[in-house]
>>> print(open('upload.txt').read())   # compact mmCIF, C-alpha atoms
# COMPACT_ATOMS: atom_id res chain seq x y z
CA MET S 1 48.31 12.99 -20.06
CA ASN S 2 48.55 14.47 -16.63
CA GLU S 3 45.96 17.13 -16.13
CA VAL S 4 47.34 20.38 -14.75
CA SER S 5 45.02 22.34 -12.51
CA LYS S 6 44.85 26.06 -12.05
CA ILE S 7 46.71 26.81 -8.86
CA VAL S 8 46.48 30.06 -6.97
CA THR S 9 48.45 31.04 -3.91
CA ILE S 10 46.67 32.86 -1.12
CA ALA S 11 48.43 33.73 2.11
CA GLY S 12 51.25 31.31 1.41
CA LEU S 13 48.95 28.36 0.78
CA ASP S 14 48.48 26.85 -2.66
CA PHE S 15 44.90 26.23 -3.68
CA ASP S 16 43.90 23.89 -6.49
CA LEU S 17 41.33 26.19 -8.03
CA THR S 18 39.97 23.60 -10.50
CA VAL S 19 39.19 21.01 -7.85
CA ILE S 20 37.81 23.64 -5.50
CA GLY S 21 35.58 25.11 -8.18
CA MET S 22 34.28 21.72 -9.31
CA THR S 23 33.65 20.66 -5.71
CA ILE S 24 31.66 23.82 -5.08
CA LEU S 25 29.71 23.19 -8.28
CA THR S 26 29.04 19.59 -7.22
CA CYS S 27 27.80 20.69 -3.81
CA ALA S 28 25.62 23.36 -5.41
CA ILE S 29 24.05 20.82 -7.79
CA ILE S 30 23.36 18.34 -4.97
CA PHE S 31 21.94 20.97 -2.65
CA GLY S 32 19.88 22.50 -5.46
CA PHE S 33 18.48 19.10 -6.38
CA THR S 34 17.66 18.12 -2.81
CA TYR S 35 16.27 21.52 -1.87
CA GLY S 36 14.28 21.94 -5.08
CA CYS S 37 12.77 18.47 -4.95
CA SER S 38 11.85 18.61 -1.29
CA ARG S 39 9.51 21.63 -1.54
CA ASN S 40 5.81 20.90 -1.00
CA LEU S 41 6.34 17.29 -0.01
CA GLN S 42 3.16 15.27 -0.14
CA LEU S 43 2.14 11.84 1.08
CA LYS S 44 1.11 11.02 -2.45
CA PRO S 45 4.24 11.92 -4.42
CA LYS S 46 4.26 13.39 -7.88
CA GLY S 47 6.78 14.84 -10.32
CA LYS S 48 10.16 15.77 -8.87
CA GLN S 49 9.31 14.33 -5.46
CA ASN S 50 9.35 10.90 -7.10
CA VAL S 51 12.92 11.46 -8.31
CA LEU S 52 14.09 12.49 -4.85
CA GLU S 53 12.34 9.53 -3.25
CA ALA S 54 13.82 7.14 -5.79
CA VAL S 55 17.33 8.27 -4.80
CA ILE S 56 16.52 8.16 -1.10
CA ASP S 57 15.00 4.67 -1.39
CA PHE S 58 17.97 3.46 -3.44
CA VAL S 59 20.42 4.62 -0.76
CA LYS S 60 18.17 3.15 1.92
CA GLY S 61 18.27 -0.16 0.06
CA ILE S 62 22.08 -0.14 0.15
CA LEU S 63 22.07 0.51 3.90
CA ASP S 64 19.32 -2.03 4.54
CA SER S 65 21.38 -4.83 3.07
CA ASN S 66 24.41 -4.08 5.25
CA LEU S 67 23.24 -2.51 8.51
CA PRO S 68 20.84 -3.69 11.20
CA LYS S 69 17.30 -2.43 10.72
CA LYS S 70 17.23 0.07 13.57
CA GLU S 71 20.57 1.66 12.63
CA VAL S 72 19.61 2.51 9.04
CA GLY S 73 17.84 5.77 9.93
CA ASN S 74 20.91 7.12 11.78
CA TYR S 75 23.20 6.90 8.76
CA HIS S 76 20.69 7.59 6.00
CA LEU S 77 21.62 11.25 5.60
CA LEU S 78 25.34 10.48 5.50
CA ALA S 79 24.88 7.76 2.88
CA TYR S 80 22.54 9.97 0.84
CA THR S 81 24.99 12.87 0.78
CA LEU S 82 27.92 10.56 0.07
CA PHE S 83 26.13 8.77 -2.78
CA LEU S 84 25.07 11.99 -4.50
CA PHE S 85 28.47 13.59 -3.92
CA VAL S 86 30.34 10.73 -5.56
CA LEU S 87 27.74 10.29 -8.30
CA VAL S 88 27.58 13.96 -9.30
CA SER S 89 31.39 14.26 -9.04
CA ASN S 90 31.79 11.30 -11.39
CA MET S 91 29.32 12.66 -13.91
CA ILE S 92 30.25 16.31 -13.94
CA GLY S 93 33.62 15.82 -15.66
CA LEU S 94 32.06 13.94 -18.54
CA MET S 95 30.19 16.94 -19.85
CA THR S 96 32.98 19.02 -21.29
CA LYS S 97 36.60 19.94 -21.08
CA ILE S 98 38.00 23.42 -20.68
CA GLU S 99 41.71 23.83 -21.23
CA VAL S 100 43.63 27.08 -21.37
CA HIS S 101 47.24 27.22 -22.47
CA ASN S 102 49.19 29.49 -20.17
CA ALA S 103 52.26 31.56 -20.98
CA SER S 104 54.69 28.63 -20.71
CA GLY S 105 52.57 26.56 -23.08
CA VAL S 106 51.11 24.16 -20.47
CA ALA S 107 47.46 23.23 -20.92
CA VAL S 108 45.68 24.18 -17.71
CA SER S 109 42.41 22.30 -17.14
CA TYR S 110 39.52 24.23 -15.67
CA TRP S 111 36.89 21.51 -15.81
CA LYS S 112 37.18 17.98 -14.50
CA SER S 113 35.56 15.52 -12.15
CA PRO S 114 36.63 16.20 -8.57
CA THR S 115 36.85 12.41 -8.19
CA ALA S 116 39.44 12.27 -10.99
CA ASP S 117 41.82 13.79 -8.46
CA PRO S 118 43.39 11.25 -6.05
CA MET S 119 43.45 13.69 -3.17
CA VAL S 120 39.72 14.18 -3.35
CA THR S 121 38.88 10.47 -3.42
CA LEU S 122 41.42 9.64 -0.70
CA THR S 123 40.02 12.47 1.41
CA LEU S 124 36.51 11.10 1.01
CA ALA S 125 37.69 7.58 1.80
CA ALA S 126 39.65 8.71 4.86
CA LEU S 127 36.70 10.80 6.03
CA MET S 128 34.45 7.77 5.78
CA ILE S 129 36.84 5.46 7.63
CA ILE S 130 37.34 8.05 10.38
CA LEU S 131 33.58 8.50 10.65
CA THR S 132 32.95 4.76 10.90
CA ASN S 133 35.47 4.54 13.73
CA TYR S 134 33.89 7.57 15.40
CA PHE S 135 30.44 5.98 15.14
CA GLY S 136 31.85 2.79 16.67
CA ILE S 137 33.23 4.74 19.61
CA ARG S 138 29.96 6.66 19.97
CA LYS S 139 27.99 3.44 20.14
CA PHE S 140 30.14 1.16 22.32
CA GLY S 141 32.40 3.59 24.19
CA LEU S 142 36.16 3.62 23.68
CA HIS S 143 36.84 0.27 25.33
CA GLY S 144 33.88 -1.53 23.80
CA TYR S 145 34.74 -0.15 20.41
CA PHE S 146 38.35 -1.28 20.68
CA VAL S 147 37.40 -4.80 21.74
CA ASN S 148 34.65 -5.10 19.14
CA SER S 149 36.70 -3.72 16.28
CA PHE S 150 40.16 -5.13 16.84
CA LYS S 151 40.08 -8.02 19.32
CA LYS S 152 37.24 -10.03 17.87
CA PRO S 153 36.96 -12.76 16.80
CA VAL S 154 40.57 -13.46 17.84
CA SER S 155 43.07 -11.02 19.28
CA PHE S 156 46.12 -12.18 17.36
CA LEU S 157 44.58 -10.67 14.20
CA MET S 158 44.85 -7.24 15.79
CA PRO S 159 47.83 -6.02 13.70
CA ILE S 160 46.03 -7.02 10.52
CA LYS S 161 42.89 -5.28 11.69
CA PHE S 162 44.87 -2.12 12.40
CA MET S 163 46.45 -2.27 9.00
CA GLU S 164 43.07 -2.90 7.41
CA GLU S 165 41.88 0.53 8.46
CA PHE S 166 44.61 2.12 6.33
CA THR S 167 44.34 -0.27 3.42
CA ASN S 168 40.60 0.34 3.39
CA VAL S 169 41.25 4.04 2.89
CA LEU S 170 43.64 3.32 0.04
CA THR S 171 41.45 0.75 -1.74
CA LEU S 172 38.30 2.79 -1.33
CA GLY S 173 39.89 6.00 -2.58
CA LEU S 174 42.11 4.61 -5.32
CA ARG S 175 39.38 2.42 -6.84
CA LEU S 176 37.19 5.46 -7.39
CA TYR S 177 40.08 7.64 -8.56
CA GLY S 178 41.37 5.02 -10.99
CA ASN S 179 38.01 4.43 -12.63
CA ILE S 180 37.10 8.07 -13.08
CA PHE S 181 40.58 9.27 -13.98
CA ALA S 182 41.00 6.54 -16.58
CA GLY S 183 37.63 7.43 -18.08
CA GLU S 184 38.61 11.08 -18.36
CA VAL S 185 42.01 10.25 -19.84
CA LEU S 186 40.40 8.20 -22.56
CA LEU S 187 37.87 10.98 -23.23
CA THR S 188 40.77 13.41 -23.60
CA LEU S 189 42.62 11.03 -25.93
CA ILE S 190 39.55 10.62 -28.13
CA SER S 191 39.05 14.39 -28.29
CA ASN S 192 42.73 14.84 -29.22
CA PHE S 193 42.26 12.22 -31.93
CA ALA S 194 39.22 14.11 -33.20
CA ALA S 195 41.24 17.29 -33.57
CA SER S 196 44.31 15.61 -35.05
CA LYS S 197 43.40 15.31 -38.77
CA GLY S 198 40.50 17.67 -39.31
CA ILE S 199 37.01 16.69 -40.38
CA ILE S 200 37.69 12.97 -41.09
CA THR S 201 38.94 12.06 -37.64
CA PHE S 202 36.26 14.27 -36.12
CA VAL S 203 33.51 12.21 -37.77
CA PHE S 204 35.05 8.96 -36.55
CA ALA S 205 35.79 10.27 -33.09
CA LEU S 206 32.31 11.61 -32.40
CA PRO S 207 30.50 8.25 -32.02
CA LEU S 208 33.51 6.86 -30.13
CA GLU S 209 33.35 9.75 -27.69
CA MET S 210 29.59 9.29 -27.25
CA VAL S 211 29.96 5.57 -26.56
CA TRP S 212 32.71 6.18 -24.06
CA GLN S 213 30.74 8.94 -22.35
CA GLY S 214 27.77 6.57 -22.02
CA PHE S 215 30.02 3.90 -20.58
CA SER S 216 31.59 6.44 -18.23
CA ILE S 217 28.14 7.39 -16.94
CA PHE S 218 27.58 3.71 -16.21
CA ILE S 219 30.98 3.43 -14.53
CA GLY S 220 30.30 6.58 -12.53
CA GLY S 221 26.98 5.19 -11.26
CA ILE S 222 28.52 1.82 -10.42
CA GLN S 223 31.42 3.46 -8.58
CA ALA S 224 29.08 5.65 -6.53
CA TYR S 225 27.07 2.55 -5.62
CA ILE S 226 30.22 0.62 -4.70
CA PHE S 227 31.60 3.50 -2.64
CA VAL S 228 28.43 3.74 -0.55
CA THR S 229 28.09 -0.03 -0.26
CA LEU S 230 31.67 -0.49 0.97
CA THR S 231 31.32 2.42 3.37
CA SER S 232 28.21 0.82 4.86
CA VAL S 233 30.04 -2.53 5.09
CA TYR S 234 32.94 -0.91 6.97
CA LEU S 235 30.40 0.91 9.11
CA SER S 236 28.62 -2.31 9.95
CA HIS S 237 31.93 -3.83 11.13
CA LYS S 238 32.28 -0.98 13.59
CA ILE S 239 28.75 -0.66 14.94
CA GLU S 240 27.64 -4.30 14.91
CA ALA S 241 28.66 -6.40 17.91
CA GLU S 242 29.87 -9.77 16.68
CA MET W 1 60.15 11.45 -20.23
CA ARG W 2 60.94 8.55 -17.92
CA THR W 3 60.60 10.62 -14.78
CA LYS W 4 57.34 12.04 -15.99
CA MET W 5 55.96 8.53 -16.58
CA ILE W 6 56.90 7.52 -13.05
CA GLU W 7 55.37 10.69 -11.65
CA ASN W 8 52.06 9.74 -13.21
CA PHE W 9 51.93 6.47 -11.30
CA VAL W 10 52.68 8.02 -7.94
CA VAL W 11 49.52 9.09 -6.25
CA GLY W 12 49.33 12.69 -5.25
CA SER W 13 52.66 13.60 -6.73
CA ALA W 14 51.08 15.88 -9.30
CA HIS W 15 50.15 18.74 -7.02
CA THR W 16 51.93 18.15 -3.76
CA SER W 17 51.73 21.82 -2.84
CA THR W 18 47.93 21.77 -2.81
CA THR W 19 47.41 18.46 -0.95
CA PHE W 20 46.65 20.03 2.40
CA THR W 21 44.24 22.66 1.07
CA THR W 22 42.42 20.16 -1.16
CA VAL W 23 41.96 17.69 1.70
CA LEU W 24 40.73 20.43 3.98
CA PHE W 25 38.44 21.89 1.35
CA VAL W 26 36.84 18.59 0.32
CA THR W 27 36.31 17.55 3.92
CA LEU W 28 34.75 20.87 4.84
CA SER W 29 32.59 21.06 1.73
CA PHE W 30 31.29 17.53 2.28
CA ILE W 31 30.43 18.21 5.91
CA ILE W 32 28.89 21.60 5.12
CA LEU W 33 26.86 20.06 2.30
CA MET W 34 25.57 17.40 4.66
CA MET W 35 24.64 20.00 7.27
CA LEU W 36 22.89 22.19 4.71
CA ILE W 37 20.84 19.26 3.48
CA LYS W 38 20.04 18.34 7.06
CA LYS W 39 18.97 21.87 7.92
CA PHE W 40 16.94 22.68 4.82
CA ALA W 41 15.64 19.45 3.37
CA TRP W 42 16.16 16.35 5.49
CA GLY W 43 13.62 17.25 8.18
CA PRO W 44 10.63 17.53 5.83
CA ILE W 45 11.73 14.42 3.92
CA THR W 46 12.01 12.17 6.97
CA THR W 47 8.81 13.64 8.43
CA MET W 48 6.99 12.92 5.19
CA LEU W 49 8.43 9.40 4.97
CA SER W 50 7.49 8.53 8.54
CA ASP W 51 4.04 10.12 8.03
CA ARG W 52 3.56 7.96 4.97
CA ALA W 53 4.73 4.82 6.78
CA GLN W 54 2.33 5.71 9.62
CA LYS W 55 -0.51 6.30 7.17
CA ILE W 56 0.11 3.02 5.37
CA SER W 57 0.15 1.04 8.60
CA ASP W 58 -2.97 2.91 9.77
CA ASP W 59 -4.70 2.16 6.49
CA ILE W 60 -3.81 -1.51 6.75
CA ASP W 61 -5.09 -1.64 10.33
CA GLY W 62 -8.24 0.20 9.25
CA ALA W 63 -8.79 -2.21 6.41
CA GLU W 64 -8.36 -5.15 8.77
CA GLN W 65 -10.86 -3.67 11.20
CA ALA W 66 -13.33 -2.93 8.41
CA ASN W 67 -12.95 -6.49 7.19
CA GLU W 68 -13.58 -7.85 10.66
CA LYS W 69 -16.61 -5.62 11.04
CA ALA W 70 -17.95 -6.74 7.69
CA GLN W 71 -17.45 -10.38 8.70
CA THR W 72 -19.36 -9.95 11.96
CA LEU W 73 -22.06 -8.02 10.15
CA LEU W 74 -22.34 -10.78 7.57
CA LYS W 75 -22.59 -13.39 10.33
CA LYS W 76 -25.27 -11.33 12.03
CA ARG W 77 -27.21 -10.94 8.81
CA GLU W 78 -27.02 -14.67 8.12
CA ASP W 79 -28.22 -15.48 11.62
CA GLU W 80 -31.04 -12.99 11.21
CA LEU W 81 -31.96 -14.51 7.87
CA VAL W 82 -32.15 -18.01 9.36
CA GLN W 83 -34.24 -16.68 12.24
CA THR W 84 -36.51 -14.79 9.88
CA LYS W 85 -37.00 -17.88 7.73
CA ALA W 86 -37.96 -19.90 10.80
CA GLU W 87 -40.35 -17.15 11.86
CA ALA W 88 -41.92 -17.00 8.42
CA ALA W 89 -42.36 -20.78 8.37
CA GLY W 90 -44.02 -20.55 11.81
CA ILE W 91 -46.35 -17.82 10.63
CA VAL W 92 -47.35 -19.81 7.56
CA ARG W 93 -47.96 -22.94 9.63
CA GLU W 94 -50.04 -21.03 12.14
CA ALA W 95 -52.06 -19.42 9.37
CA ARG W 96 -52.71 -22.79 7.78
CA GLU W 97 -53.82 -24.23 11.10
CA ASN W 98 -56.08 -21.26 11.71
CA ALA W 99 -57.56 -21.57 8.24
CA GLU W 100 -58.18 -25.27 8.71
CA LYS W 101 -59.81 -24.62 12.07
CA LEU W 102 -61.95 -21.90 10.54
CA ALA W 103 -62.89 -24.07 7.60
CA ASN W 104 -63.85 -26.89 9.93
CA SER W 105 -65.96 -24.60 12.07
CA ILE W 106 -67.63 -23.12 8.99
CA VAL W 107 -68.46 -26.59 7.70
CA THR W 108 -69.77 -27.66 11.10
CA ASP W 109 -71.87 -24.51 11.41
CA ALA W 110 -73.22 -25.01 7.91
CA LYS W 111 -74.13 -28.61 8.70
CA GLN W 112 -75.84 -27.51 11.89
CA ASP W 113 -77.71 -24.76 10.06
CA ALA W 114 -78.73 -27.14 7.34
CA ASN W 115 -79.97 -29.64 9.89
CA HIS W 116 -81.79 -26.91 11.70
CA TYR W 117 -83.46 -25.69 8.51
CA ARG W 118 -84.30 -29.20 7.42
CA GLU W 119 -85.91 -29.86 10.79
CA LYS W 120 -87.85 -26.61 10.67
CA ALA W 121 -89.00 -27.30 7.17
CA ARG W 122 -90.16 -30.79 8.15
CA LYS W 123 -92.09 -29.34 11.10
CA ASP W 124 -93.62 -26.65 8.93
CA ILE W 125 -94.67 -29.22 6.37
CA GLU W 126 -96.19 -31.41 9.03
CA LEU W 127 -98.02 -28.51 10.58
CA GLU W 128 -99.29 -27.41 7.23
CA ARG W 129 -100.40 -30.91 6.35
CA GLU W 130 -102.27 -31.15 9.61
CA GLN W 131 -103.88 -27.82 8.97
CA ILE W 132 -104.79 -28.89 5.44
CA ILE W 133 -106.21 -32.15 6.72
CA GLU W 134 -108.15 -30.30 9.40
CA SER W 135 -109.55 -27.85 6.92
CA ALA W 136 -110.24 -30.64 4.45
CA LYS W 137 -112.04 -32.54 7.17
CA ARG W 138 -114.12 -29.53 7.97
CA GLU W 139 -114.87 -28.85 4.37
CA VAL W 140 -115.66 -32.43 3.56
CA ALA W 141 -117.99 -32.47 6.56
CA ASP W 142 -119.71 -29.31 5.49
CA LEU W 143 -119.89 -30.57 1.93
CA SER W 144 -121.28 -33.91 3.03
CA VAL W 145 -123.83 -32.23 5.22
CA GLN W 146 -124.90 -30.05 2.38
CA ILE W 147 -125.09 -33.00 -0.04
CA ALA W 148 -126.83 -35.21 2.45
CA SER W 149 -129.19 -32.49 3.49
CA LYS W 150 -130.03 -31.98 -0.14
CA ILE W 151 -130.65 -35.70 -0.67
CA LEU W 152 -132.33 -36.49 2.60
CA LYS W 153 -133.91 -33.13 3.17
CA LYS W 154 -137.12 -34.43 4.23
CA GLU W 155 -136.49 -37.85 5.74
CA LEU W 156 -133.87 -37.14 8.36
CA SER W 157 -133.86 -34.76 11.18
CA GLN W 158 -130.94 -32.47 11.53
CA ASP W 159 -129.54 -34.30 14.54
CA THR W 160 -129.62 -37.83 13.24
CA HIS W 161 -128.25 -36.61 10.04
CA LYS W 162 -125.23 -35.05 11.62
CA GLU W 163 -124.57 -38.04 13.76
CA LEU W 164 -124.52 -40.22 10.73
CA ILE W 165 -122.09 -38.01 8.89
CA ASP W 166 -119.74 -37.63 11.79
CA SER W 167 -119.42 -41.32 12.20
CA TYR W 168 -118.76 -41.65 8.61
CA ILE W 169 -116.07 -38.97 8.54
CA GLU W 170 -114.40 -40.46 11.56
CA GLY W 171 -114.10 -43.65 9.71
CA LEU W 172 -112.64 -41.74 6.77
CA GLY W 173 -110.06 -40.01 8.94
CA LYS W 174 -108.98 -43.28 10.49
CA ARG W 175 -108.58 -44.87 7.17
CA HIS W 176 -106.54 -41.94 5.96
CA GLU W 177 -104.29 -42.01 8.97
CA ASP W 178 -103.58 -45.65 8.38
>>> encode(input="upload.txt", output="structure tokens")
Amino acid sequence: MNEVSKIVTIAGLDFDLTVIGMTILTCAIIFGFTYGCSRNLQLKPKGKQNVLEAVIDFVKGILDSNLPKKEVGNYHLLAYTLFLFVLVSNMIGLMTKIEVHNASGVAVSYWKSPTADPMVTLTLAALMIILTNYFGIRKFGLHGYFVNSFKKPVSFLMPIKFMEEFTNVLTLGLRLYGNIFAGEVLLTLISNFAASKGIITFVFALPLEMVWQGFSIFIGGIQAYIFVTLTSVYLSHKIEAE
Amino acid sequence: MRTKMIENFVVGSAHTSTTFTTVLFVTLSFIILMMLIKKFAWGPITTMLSDRAQKISDDIDGAEQANEKAQTLLKKREDELVQTKAEAAGIVREARENAEKLANSIVTDAKQDANHYREKARKDIELEREQIIESAKREVADLSVQIASKILKKELSQDTHKELIDSYIEGLGKRHED
């Protein structure tokens, strides 16, 4: 069940080639989409510009519901990149599965969602929590930030508030990882079932796989939305004076 | 088997050797992606969005102004219409008064003329009658003289004759005048 990535060692450091490759692919897709859709922007949008604007407006809507009006513009780019990064990461693993059996007979996976790896999701979550704290410091100064974030409304909650920063990282990262990883595991199980007894199981497994892929697309979209929403909620705790 | 099961539930235990590089790589790739988007695409997008917002608010303001202008114009037109109606009514009234005045003067003139002509005609008739009477007198006198002279040719002298006739005619004229 556990997916084994291709690991290469360069200069004494181990690199997870699968995750790195899929992350690069994700970034390339997002940049290609954004760059391609933002050529020849017009006041009266048409074609691909509409798609880009739909995504931008969607992300703006998430921020609008959590942040004060005048702060939305400052974090729009971050939320846009984050949303697309999580969304594309969630989707990309659904397309196919490439496994190569190496010399010792272990199936090495070359294609998976970057977000099906806990280190990737926890990294994203930690990056977001660190950024929200940084933005809080940038806005209120170190002292103001500390008072606003940890001593309000009452100072005896301070230990819990400290702990919250770490639990936020864990919940944010593990929620995404769990959803996407579970989806991929089930996809793998169904594909194994399809190959188990020849043509008969293949016929039964095909619609099952399609249904689960459709559901996984839905899950992926929901998770990307939740990730951005929670990030903006955590951000609002740091940059809004109570 | 048991240890493998447990391993699966422990986060990050699968590839502990790559944890550091994966974290570093994902962080860097996310930040680089964000910077690339900012450098190559975000500027035009935000410019376009703010331009559009500006244009929409401008258009709304313009529409409001145009509406206001139309309202004032409508008010002006209505006022002008009322004024024009009043003017037209005044003109009609004036014209009617003028016409009445003119008609009255025409009638008066006509009456005067008629009176004048009637008077003149009466005078003419009188004059003519007098002339006729005069000439009739003269003719009757001449005729009488002739008749009388024929009858009394030998018995009366011219002078006594004439005297007789004159007195007679005078009596005739008086009777006629009565």
>>> atom_distance(input="upload.txt", atom1="CA of Ala126 in chain S", atom2="CA of Ile239 in chain S")
17.6 Å
>>> interface_residues(input="upload.txt", of="chain S", to="chain W", cutoff="7 Å", atoms="only C-alpha atoms", output="MDAnalysis selection string")
chainID S and resid 2 14:16 27 31 34:35 38 41:43 78 81 118:120 123
>>> atom_distance(input="upload.txt", atom1="CA of Arg93 in chain W", atom2="CA of Asp79 in chain W")
21.2 Å
>>> residues_around(input="upload.txt", residues="Tyr145 in chain S", least_positions_apart="5", cutoff="10 Å", atoms="all atoms listed in the file", output="PyMOL selection string")
chain S and resi 133-140+150-151+238-241
>>> write_last_selection(input="upload.txt", atoms="C-alpha atoms", output="short mmCIF file (atom, residue, chain, number, x, y, z; two decimals), keeping the file's coordinate frame")
data_model
loop_
_atom_site.label_atom_id
_atom_site.label_comp_id
_atom_site.auth_asym_id
_atom_site.auth_seq_id
_atom_site.Cartn_x
_atom_site.Cartn_y
_atom_site.Cartn_z
CA ASN S 133 35.47 4.54 13.73
CA TYR S 134 33.89 7.57 15.40
CA PHE S 135 30.44 5.98 15.14
CA GLY S 136 31.85 2.79 16.67
CA ILE S 137 33.23 4.74 19.61
CA ARG S 138 29.96 6.66 19.97
CA LYS S 139 27.99 3.44 20.14
CA PHE S 140 30.14 1.16 22.32
CA PHE S 150 40.16 -5.13 16.84
CA LYS S 151 40.08 -8.02 19.32
CA LYS S 238 32.28 -0.98 13.59
CA ILE S 239 28.75 -0.66 14.94
CA GLU S 240 27.64 -4.30 14.91
CA ALA S 241 28.66 -6.40 17.91
#
>>> closest_residue(input="upload.txt", among="S:Leu186, S:Gly198, S:Glu165, S:Thr115", to="Thr132 in chain S", atoms="all atoms listed in the file")
S:Glu165
>>> residues_around(input="upload.txt", residues="range 86-88 of chain S", least_positions_apart="5", cutoff="10 Å", atoms="only C-alpha atoms", output="PyMOL selection string")
chain S and resi 23+25-27+29-30+81+93+113-115+121+124+176+217+219-225+227-228
>>> atom_distance(input="upload.txt", atom1="CA of Met128 in chain S", atom2="CA of Leu67 in chain S")
15.5 Å
>>> closest_residue(input="upload.txt", among="S:Met95, S:Leu84, S:Ile7, S:Leu122", to="Tyr177 in chain S", atoms="all atoms listed in the file")
S:Leu122
>>> residues_around(input="upload.txt", residues="Glu184 in chain S", least_positions_apart="6", cutoff="10 Å", atoms="only C-alpha atoms", output="count of residues only")
13
